[in-house]
>>> print(open('upload29.cif').read())   # mmCIF, C-alpha atoms and all ligand atoms
data_input
loop_
_atom_site.label_atom_id
_atom_site.label_comp_id
_atom_site.auth_asym_id
_atom_site.auth_seq_id
_atom_site.Cartn_x
_atom_site.Cartn_y
_atom_site.Cartn_z
CA MET L 1 19.12 37.21 -20.89
CA SER L 2 16.23 35.02 -19.93
CA MET L 3 12.79 36.47 -19.46
CA PRO L 4 11.47 36.43 -15.90
CA THR L 5 8.85 33.70 -15.61
CA SER L 6 5.62 34.22 -13.78
CA SER L 7 5.20 31.40 -11.25
CA LYS L 8 1.45 31.87 -10.74
CA PRO L 9 0.26 30.73 -14.17
CA LEU L 10 2.81 27.91 -13.99
CA LYS L 11 1.50 26.78 -10.61
CA PHE L 12 -2.06 26.96 -11.88
CA GLN L 13 -1.10 24.90 -14.92
CA GLN L 14 0.60 22.30 -12.70
CA ALA L 15 -2.40 22.14 -10.37
CA LEU L 16 -4.71 21.73 -13.38
CA ARG L 17 -2.56 18.94 -14.79
CA SER L 18 -2.31 17.17 -11.46
CA SER L 19 -6.11 17.43 -10.98
CA TRP L 20 -6.67 15.94 -14.44
CA HIS L 21 -4.27 13.07 -13.70
CA ARG L 22 -6.06 12.41 -10.42
CA PHE L 23 -9.44 12.46 -12.17
CA TYR L 24 -8.19 10.11 -14.91
CA SER L 25 -6.67 7.78 -12.34
CA ASP L 26 -9.80 7.65 -10.17
CA PHE L 27 -12.50 7.49 -12.81
CA LEU L 28 -11.14 6.62 -16.27
CA LEU L 29 -8.10 4.34 -15.91
CA PRO L 30 -8.81 1.18 -17.93
CA SER L 31 -7.98 -2.20 -16.40
CA ARG L 32 -4.26 -3.01 -16.48
CA VAL L 33 -4.68 -6.48 -15.02
CA HIS L 34 -3.40 -8.08 -18.27
CA GLU L 35 -0.10 -6.23 -17.68
CA LEU L 36 0.43 -8.23 -14.49
CA ARG L 37 -0.08 -11.45 -16.46
CA SER L 38 2.49 -10.35 -19.00
CA LEU L 39 4.95 -9.37 -16.22
CA LEU L 40 4.60 -12.76 -14.52
CA GLU L 41 4.88 -14.62 -17.85
CA GLN L 42 8.12 -12.86 -18.64
CA ALA L 43 9.48 -13.48 -15.15
CA LEU L 44 8.71 -17.20 -15.44
CA ALA L 45 10.25 -17.30 -18.92
CA GLN L 46 13.42 -15.73 -17.48
CA GLY L 47 13.60 -18.45 -14.83
CA TYR L 48 12.43 -16.36 -11.86
CA GLN L 49 11.19 -18.17 -8.75
CA MET L 50 8.11 -16.30 -7.59
CA HIS L 51 7.42 -15.83 -3.88
CA SER L 52 5.12 -14.30 -1.33
CA ILE L 53 6.76 -12.56 1.64
CA ALA L 54 5.85 -15.61 3.77
CA SER L 55 7.39 -18.14 1.37
CA ILE L 56 10.62 -16.18 0.83
CA TRP L 57 10.85 -15.76 4.62
CA GLU L 58 10.60 -19.55 5.05
CA LYS L 59 13.51 -19.93 2.60
CA ILE L 60 15.58 -17.29 4.42
CA LYS L 61 14.90 -18.94 7.81
CA ALA L 62 15.86 -22.35 6.47
CA GLY L 63 19.07 -20.94 4.97
CA GLN L 64 17.93 -22.16 1.57
CA LEU L 65 18.27 -18.94 -0.36
CA GLN L 66 20.38 -19.44 -3.47
CA ASP L 67 21.51 -17.15 -6.27
CA GLY L 68 18.00 -16.72 -7.64
CA PRO L 69 16.64 -15.05 -9.54
CA TYR L 70 13.75 -14.42 -7.16
CA LEU L 71 10.73 -12.19 -7.57
CA VAL L 72 8.74 -11.33 -4.44
CA LEU L 73 5.25 -10.10 -5.28
CA ARG L 74 3.39 -8.06 -2.66
CA LEU L 75 0.00 -6.40 -2.94
CA ASP L 76 -1.14 -3.84 -0.38
CA ILE L 77 -4.93 -3.87 -0.47
CA ASP L 78 -5.56 -0.23 0.40
CA THR L 79 -8.87 -0.13 -1.50
CA ASP L 80 -10.82 -2.00 -4.19
CA LEU L 81 -11.59 -5.65 -3.57
CA ARG L 82 -12.91 -6.11 -7.12
CA THR L 83 -9.52 -5.36 -8.67
CA THR L 84 -7.86 -7.36 -5.87
CA ARG L 85 -9.83 -10.43 -6.94
CA ALA L 86 -8.89 -9.86 -10.59
CA LEU L 87 -5.19 -9.55 -9.70
CA TRP L 88 -5.33 -12.62 -7.44
CA GLN L 89 -7.01 -14.54 -10.30
CA VAL L 90 -3.96 -13.83 -12.47
CA VAL L 91 -1.55 -14.86 -9.69
CA ARG L 92 -3.50 -18.10 -9.21
CA GLU L 93 -3.78 -18.91 -12.90
CA MET L 94 -0.05 -18.41 -13.35
CA GLY L 95 0.56 -20.87 -10.49
CA VAL L 96 2.69 -18.42 -8.49
CA GLN L 97 2.57 -17.02 -4.96
CA ALA L 98 2.11 -13.47 -3.72
CA SER L 99 1.36 -11.66 -0.46
CA PHE L 100 -1.93 -9.79 -0.10
CA TYR L 101 -2.03 -7.44 2.89
CA PHE L 102 -5.51 -6.24 3.92
CA ARG L 103 -6.36 -3.15 5.97
CA LEU L 104 -9.21 -3.25 8.48
CA SER L 105 -11.17 -1.20 5.94
CA THR L 106 -10.66 -3.81 3.19
CA LEU L 107 -10.78 -6.94 5.34
CA ASP L 108 -12.57 -9.71 3.42
CA VAL L 109 -12.41 -12.88 5.47
CA ASN L 110 -13.61 -15.21 2.69
CA LEU L 111 -11.25 -13.77 0.09
CA MET L 112 -8.34 -13.92 2.55
CA ARG L 113 -9.06 -17.58 3.27
CA GLU L 114 -9.36 -18.33 -0.46
CA ILE L 115 -6.03 -16.62 -1.11
CA HIS L 116 -4.39 -18.64 1.66
CA ALA L 117 -5.92 -21.89 0.41
CA SER L 118 -4.55 -21.17 -3.09
CA GLY L 119 -0.99 -21.09 -1.71
CA SER L 120 -0.53 -17.33 -1.54
CA GLU L 121 -0.37 -15.29 1.65
CA ALA L 122 -3.13 -13.11 3.10
CA SER L 123 -2.27 -11.00 6.12
CA TYR L 124 -2.66 -7.69 7.91
CA HIS L 125 -1.84 -4.25 6.44
CA TYR L 126 -1.80 -2.27 9.66
CA GLU L 127 -1.94 1.47 10.36
CA GLU L 128 -2.57 1.91 14.08
CA ILE L 129 -0.23 4.90 14.49
CA ALA L 130 -2.23 6.83 11.89
CA THR L 131 -5.57 5.57 13.20
CA TYR L 132 -4.77 6.55 16.78
CA ALA L 133 -3.30 9.90 15.73
CA LYS L 134 -6.45 10.72 13.76
CA ARG L 135 -8.74 9.67 16.60
CA HIS L 136 -6.82 11.70 19.20
CA ARG L 137 -5.72 14.46 16.83
CA LEU L 138 -2.02 14.02 17.60
CA LYS L 139 0.01 16.74 15.95
CA SER L 140 3.65 15.72 16.28
CA ARG L 141 6.09 12.83 16.46
CA ALA L 142 6.63 13.58 20.16
CA GLU L 143 2.90 13.14 20.83
CA VAL L 144 2.89 9.86 18.92
CA GLU L 145 5.87 8.59 20.92
CA ALA L 146 4.19 9.57 24.19
CA HIS L 147 1.14 7.48 23.23
CA MET L 148 3.06 4.48 21.89
CA PRO L 149 1.94 2.00 24.58
CA ALA L 150 -1.71 2.74 23.81
CA ILE L 151 -1.03 2.55 20.06
CA GLN L 152 0.65 -0.83 20.48
CA ALA L 153 -2.27 -2.07 22.59
CA LEU L 154 -4.65 -1.02 19.80
CA PHE L 155 -2.47 -2.86 17.26
CA ALA L 156 -2.37 -6.01 19.39
CA GLU L 157 -6.16 -5.96 19.77
CA ASN L 158 -6.73 -5.52 16.01
CA TYR L 159 -4.11 -8.09 15.05
CA ARG L 160 -5.64 -10.69 17.36
CA ARG L 161 -9.10 -9.90 16.00
CA VAL L 162 -7.98 -10.35 12.37
CA LYS L 163 -6.24 -13.60 13.33
CA ALA L 164 -9.32 -14.92 15.13
CA LEU L 165 -11.68 -13.90 12.32
CA THR L 166 -9.61 -15.40 9.50
CA GLY L 167 -7.93 -18.29 11.30
CA LEU L 168 -4.79 -17.46 9.28
CA PRO L 169 -1.21 -17.53 10.63
CA LEU L 170 -0.39 -13.83 9.96
CA HIS L 171 3.29 -14.55 10.53
CA THR L 172 4.25 -11.55 8.43
CA VAL L 173 2.59 -8.13 8.41
CA ALA L 174 3.12 -4.97 6.36
CA SER L 175 2.75 -1.36 7.38
CA HIS L 176 0.39 0.98 5.47
CA GLY L 177 1.50 4.52 4.67
CA ASP L 178 -1.36 6.92 5.31
CA TRP L 179 -1.61 10.67 4.65
CA LEU L 180 -1.17 11.43 8.33
CA ASN L 181 2.02 9.33 8.50
CA ARG L 182 3.49 11.51 5.77
CA ARG L 183 2.38 14.66 7.56
CA LEU L 184 3.75 13.61 10.96
CA GLY L 185 6.84 11.94 9.55
CA VAL L 186 6.11 8.74 11.49
CA ILE L 187 5.92 5.34 9.77
CA ASN L 188 3.39 2.81 11.07
CA HIS L 189 5.97 0.05 11.45
CA GLU L 190 7.67 2.04 14.21
CA LEU L 191 5.13 0.43 16.54
CA LEU L 192 6.71 -2.96 15.80
CA GLN L 193 10.20 -1.97 16.80
CA ASP L 194 9.29 -3.65 20.09
CA ARG L 195 10.60 -7.24 19.81
CA GLY L 196 8.59 -8.30 22.85
CA LEU L 197 5.33 -7.30 21.19
CA ARG L 198 6.21 -9.29 18.08
CA GLU L 199 7.03 -12.37 20.09
CA GLU L 200 3.90 -12.05 22.18
CA LEU L 201 1.75 -11.93 19.03
CA GLY L 202 3.68 -14.41 16.88
CA ILE L 203 4.83 -11.94 14.24
CA GLU L 204 8.02 -13.21 12.64
CA LEU L 205 8.61 -10.54 10.02
CA GLU L 206 7.54 -7.04 9.06
CA ALA L 207 7.74 -6.60 5.28
CA TYR L 208 10.07 -3.60 5.78
CA ASP L 209 12.48 -5.43 8.11
CA PRO L 210 16.12 -5.01 7.01
CA VAL L 211 16.63 -8.78 7.20
CA LEU L 212 14.47 -9.00 4.07
CA GLN L 213 14.94 -5.54 2.54
CA GLN L 214 18.75 -5.79 2.44
CA ARG L 215 18.49 -8.86 0.23
CA TYR L 216 16.58 -7.08 -2.52
CA THR L 217 18.68 -6.03 -5.49
CA GLN L 218 15.89 -3.64 -6.41
CA ARG L 219 12.37 -2.80 -5.27
CA PHE L 220 9.64 -1.59 -7.59
CA SER L 221 6.34 0.01 -6.72
CA ASP L 222 3.42 0.89 -8.94
CA GLY L 223 2.13 4.46 -8.95
CA ALA L 224 -0.82 6.58 -10.03
CA HIS L 225 -1.27 7.61 -13.66
CA PRO L 226 0.83 8.85 -15.44
CA ASN L 227 3.74 7.45 -13.37
CA LEU L 228 2.66 3.82 -13.48
CA TRP L 229 5.98 2.64 -12.03
CA LEU L 230 7.75 4.79 -9.46
CA ASN L 231 11.30 3.47 -9.56
CA GLY L 232 11.66 2.10 -13.06
CA ASN L 233 9.86 -0.68 -14.86
CA PRO L 234 10.32 -4.15 -13.30
CA LEU L 235 10.14 -5.67 -16.80
CA GLU L 236 13.57 -4.24 -17.52
CA ALA L 237 14.95 -5.71 -14.29
CA ILE L 238 13.50 -9.08 -15.25
CA ARG L 239 14.99 -8.88 -18.74
CA THR L 240 18.41 -8.12 -17.32
CA GLY L 241 17.99 -10.91 -14.75
CA LEU L 242 18.43 -8.91 -11.52
CA PRO L 243 18.76 -11.63 -8.87
CA PHE L 244 16.34 -10.43 -6.16
CA VAL L 245 13.45 -8.20 -7.03
CA GLU L 246 10.39 -7.06 -5.06
CA VAL L 247 7.33 -5.77 -6.88
CA LEU L 248 4.73 -3.93 -4.79
CA LEU L 249 1.25 -3.32 -6.20
CA HIS L 250 -1.85 -1.41 -5.08
CA PRO L 251 -5.15 -2.40 -6.74
CA ARG L 252 -6.16 1.25 -7.17
CA HIS L 253 -3.46 1.69 -9.81
CA TRP L 254 -4.66 -1.30 -11.86
CA GLY L 255 -8.06 -0.04 -12.98
CA ALA L 256 -10.51 2.65 -11.91
CA ASN L 257 -13.25 1.44 -9.57
CA ILE L 258 -15.43 4.56 -9.62
CA PRO L 259 -17.71 4.04 -6.56
CA VAL L 260 -14.81 2.79 -4.45
CA ASN L 261 -12.56 5.71 -5.40
CA LEU L 262 -15.36 8.22 -4.87
CA ARG L 263 -16.06 6.79 -1.43
CA ASP L 264 -12.37 6.73 -0.57
CA ASN L 265 -11.91 10.35 -1.63
CA LEU L 266 -14.86 11.40 0.52
CA ARG L 267 -13.53 9.41 3.46
CA ARG L 268 -10.20 11.17 3.01
CA LEU L 269 -11.98 14.53 3.07
CA GLY L 270 -13.96 13.52 6.17
CA GLU L 271 -10.77 12.51 7.95
CA GLU L 272 -9.14 15.82 7.10
CA LEU L 273 -12.15 17.76 8.42
CA ALA L 274 -12.30 15.76 11.63
CA TYR L 275 -8.57 16.08 12.17
CA ARG L 276 -8.61 19.85 11.71
CA GLN L 277 -12.01 20.38 13.27
CA SER L 278 -12.27 23.48 11.14
CA TRP L 279 -15.93 24.41 10.83
CA TRP L 280 -15.40 26.81 7.93
CA PHE L 281 -13.93 24.04 5.84
CA CYS L 282 -17.31 22.29 6.14
CA LEU L 283 -18.83 25.06 4.06
CA ILE L 284 -17.51 23.35 0.95
CA GLY L 285 -19.53 20.25 1.93
CA PRO L 286 -21.96 20.67 -0.98
CA LEU L 287 -18.97 20.59 -3.34
CA ASN L 288 -17.97 17.14 -2.08
CA PRO L 289 -18.48 15.39 -5.42
CA LEU L 290 -15.86 17.69 -6.93
CA TRP L 291 -13.38 16.68 -4.26
CA PRO L 292 -11.35 14.22 -6.34
CA ILE L 293 -10.71 16.97 -8.88
CA VAL L 294 -9.35 19.46 -6.39
CA GLN L 295 -7.74 16.95 -4.08
CA GLY L 296 -4.64 16.42 -6.19
CA GLY L 297 -3.81 20.11 -6.31
CA LEU L 298 -5.08 21.28 -2.93
CA VAL L 299 -4.53 18.96 0.00
CA GLU L 300 -1.53 17.09 -1.34
CA SER L 301 0.32 20.36 -1.84
CA GLY L 302 -0.05 21.04 1.88
CA PHE L 303 -3.06 23.35 1.72
ZN ZN O 401 -1.16 0.72 2.10
#
>>> encode(input="upload29.cif", output="structure tokens")
Amino acid sequence: MSMPTSSKPLKFQQALRSSWHRFYSDFLLPSRVHELRSLLEQALAQGYQMHSIASIWEKIKAGQLQDGPYLVLRLDIDTDLRTTRALWQVVREMGVQASFYFRLSTLDVNLMREIHASGSEASYHYEEIATYAKRHRLKSRAEVEAHMPAIQALFAENYRRVKALTGLPLHTVASHGDWLNRRLGVINHELLQDRGLREELGIELEAYDPVLQQRYTQRFSDGAHPNLWLNGNPLEAIRTGLPFVEVLLHPRHWGANIPVNLRDNLRRLGEELAYRQSWWFCLIGPLNPLWPIVQGGLVESGF
């Protein structure tokens, strides 16, 4: 007969472990940029053709896709321009192409132009459903759907602004997944289901479009310490020669940038407070610097 287990100490232990992982990830994680170099070296050695989303899309459009193997490299620049530059440096030195999608909060016009000039792609990592829902404190999918025309207008305005500022084609875009998207169960790219809007703006492809996604043999995404790869290690896929692989990276998981992560954690807390408008929650304001430690265990578990 098994002994009854007490779930409280277990939960506490899990919360403690998750807080430690979050702390390590945010403030201690050493640079892993050399791992990207090694990944790209091995892919090249295995005969992989490396592509950005834009360059693979050109091949698909021209009907020039062959048996491969192909590796599509995509970086979603959610935070941390310093690590972004370091990762781009590796991509450039290896003579390959990748897509770098920037949010409004990470927009760096000069870097985007440099990336484009080096042969890679720099474009827009959009999140207008989440932004609008935060601003107007929308609480359900139905509310989001009711406001879709206004959300799409906001997207169009931002997209045109990014295009005008950078002078880049922005033919492909990629949706960002924010905390509020997860909570509402609405993905940002739902706003681009409208073909007319795409045509009006000149958007040819969303990175999650089935026309591209269905070609991938396997997709890999990096993750936060200790799960550095979420769906298996792409190195194994490369070694076995999978014909069509996408690797998605986020700079945050490639080295701790302490001030950036601290600021991002505080911004996340601020957004939560504004969204809930709960005055009592503000009482923990003085404990803000401790936020990253509790964040893993508290908010993410649906506190
Ligand atoms: Zn993102």
>>> closest_residue(input="upload29.cif", among="L:Glu145, L:Ile77, L:Gly63, L:Thr166", to="Glu114 in chain L", atoms="all atoms listed in the file")
L:Thr166
>>> residues_around(input="upload29.cif", residues="range 187-201 of chain L", least_positions_apart="5", cutoff="8 Å", atoms="all atoms listed in the file", output="PDB file with C-alpha atoms, in the frame of the given file")
ATOM      1  CA  TYR L 126      -1.800  -2.270   9.660  1.00  0.00           C
ATOM      2  CA  GLU L 127      -1.940   1.470  10.360  1.00  0.00           C
ATOM      3  CA  GLU L 128      -2.570   1.910  14.080  1.00  0.00           C
ATOM      4  CA  ILE L 129      -0.230   4.900  14.490  1.00  0.00           C
ATOM      5  CA  ALA L 130      -2.230   6.830  11.890  1.00  0.00           C
ATOM      6  CA  MET L 148       3.060   4.480  21.890  1.00  0.00           C
ATOM      7  CA  ILE L 151      -1.030   2.550  20.060  1.00  0.00           C
ATOM      8  CA  GLN L 152       0.650  -0.830  20.480  1.00  0.00           C
ATOM      9  CA  ALA L 156      -2.370  -6.010  19.390  1.00  0.00           C
ATOM     10  CA  ARG L 160      -5.640 -10.690  17.360  1.00  0.00           C
ATOM     11  CA  ALA L 174       3.120  -4.970   6.360  1.00  0.00           C
ATOM     12  CA  SER L 175       2.750  -1.360   7.380  1.00  0.00           C
ATOM     13  CA  HIS L 176       0.390   0.980   5.470  1.00  0.00           C
ATOM     14  CA  GLY L 177       1.500   4.520   4.670  1.00  0.00           C
ATOM     15  CA  ASN L 181       2.020   9.330   8.500  1.00  0.00           C
ATOM     16  CA  ARG L 182       3.490  11.510   5.770  1.00  0.00           C
ATOM     17  CA  GLU L 206       7.540  -7.040   9.060  1.00  0.00           C
ATOM     18  CA  TYR L 208      10.070  -3.600   5.780  1.00  0.00           C
TER      19      TYR L 208
END
>>> residues_near_point(input="upload29.cif", point="(4.0, 0.8, -12.9)", cutoff="12 Å", atoms="all atoms listed in the file", output="VMD selection string")
chain L and resid 32 to 33 35 to 36 39 219 to 236 247 to 254
>>> closest_residue(input="upload29.cif", among="L:Asn261, L:Gln42, L:Thr79, L:Gln277", to="ligand ZN 401 (chain O)", atoms="only C-alpha atoms and all ligand atoms")
L:Thr79
>>> atom_distance(input="upload29.cif", atom1="CA of Glu272 in chain L", atom2="CA of Phe102 in chain L")
22.6 Å
>>> closest_residue(input="upload29.cif", among="L:Gln218, L:Ser118, L:Asn158, L:Ser19", to="Leu71 in chain L", atoms="all atoms listed in the file")
L:Gln218
>>> atom_distance(input="upload29.cif", atom1="CA of Phe100 in chain L", atom2="CA of Thr84 in chain L")
8.6 Å
>>> atom_distance(input="upload29.cif", atom1="CA of Arg74 in chain L", atom2="CA of Ser99 in chain L")
4.7 Å
>>> residues_around(input="upload29.cif", residues="Ala133 in chain L", least_positions_apart="3", cutoff="10 Å", atoms="all atoms listed in the file", output="ChimeraX atom specification")
/L:128-130,136-141,143-144,147,151,180-181,184,275
>>> closest_residue(input="upload29.cif", among="L:Glu121, L:Asp108, L:Asp80, L:Asp26", to="ligand ZN 401 (chain O)", atoms="all atoms listed in the file")
L:Asp80
>>> residues_around(input="upload29.cif", residues="Val162 in chain L", least_positions_apart="6", cutoff="10 Å", atoms="all atoms listed in the file", output="PyMOL selection string")
chain L and resi 102-104+107+109+123-124+156+168+170
>>> closest_residue(input="upload29.cif", among="L:Val260, L:Leu154, L:Ala207, L:Ala146", to="ligand ZN 401 (chain O)", atoms="all atoms listed in the file")
L:Ala207
>>> closest_residue(input="upload29.cif", among="L:Ala122, L:Leu81, L:Leu266, L:Leu75", to="ligand ZN 401 (chain O)", atoms="all atoms listed in the file")
L:Leu75
>>> residues_around(input="upload29.cif", residues="Ala43 in chain L", least_positions_apart="2", cutoff="10 Å", atoms="only C-alpha atoms", output="PyMOL selection string")
chain L and resi 37-41+45-50+69-71+234-235+237-239+241
>>> write_last_selection(input="upload29.cif", atoms="C-alpha atoms", output="compact mmCIF listing (two decimals), keeping the file's coordinate frame")
# COMPACT_ATOMS: atom_id res chain seq x y z
CA ARG L 37 -0.08 -11.45 -16.46
CA SER L 38 2.49 -10.35 -19.00
CA LEU L 39 4.95 -9.37 -16.22
CA LEU L 40 4.60 -12.76 -14.52
CA GLU L 41 4.88 -14.62 -17.85
CA ALA L 45 10.25 -17.30 -18.92
CA GLN L 46 13.42 -15.73 -17.48
CA GLY L 47 13.60 -18.45 -14.83
CA TYR L 48 12.43 -16.36 -11.86
CA GLN L 49 11.19 -18.17 -8.75
CA MET L 50 8.11 -16.30 -7.59
CA PRO L 69 16.64 -15.05 -9.54
CA TYR L 70 13.75 -14.42 -7.16
CA LEU L 71 10.73 -12.19 -7.57
CA PRO L 234 10.32 -4.15 -13.30
CA LEU L 235 10.14 -5.67 -16.80
CA ALA L 237 14.95 -5.71 -14.29
CA ILE L 238 13.50 -9.08 -15.25
CA ARG L 239 14.99 -8.88 -18.74
CA GLY L 241 17.99 -10.91 -14.75
>>> axis_aligned_box(input="upload29.cif", around="range 248-254 of chain L", padding_each_side="4 Å", output="lines of an AutoDock Vina configuration file")
center_x = -0.7
center_y = -1.1
center_z = -8.3
size_x = 18.9
size_y = 13.6
size_z = 15.1
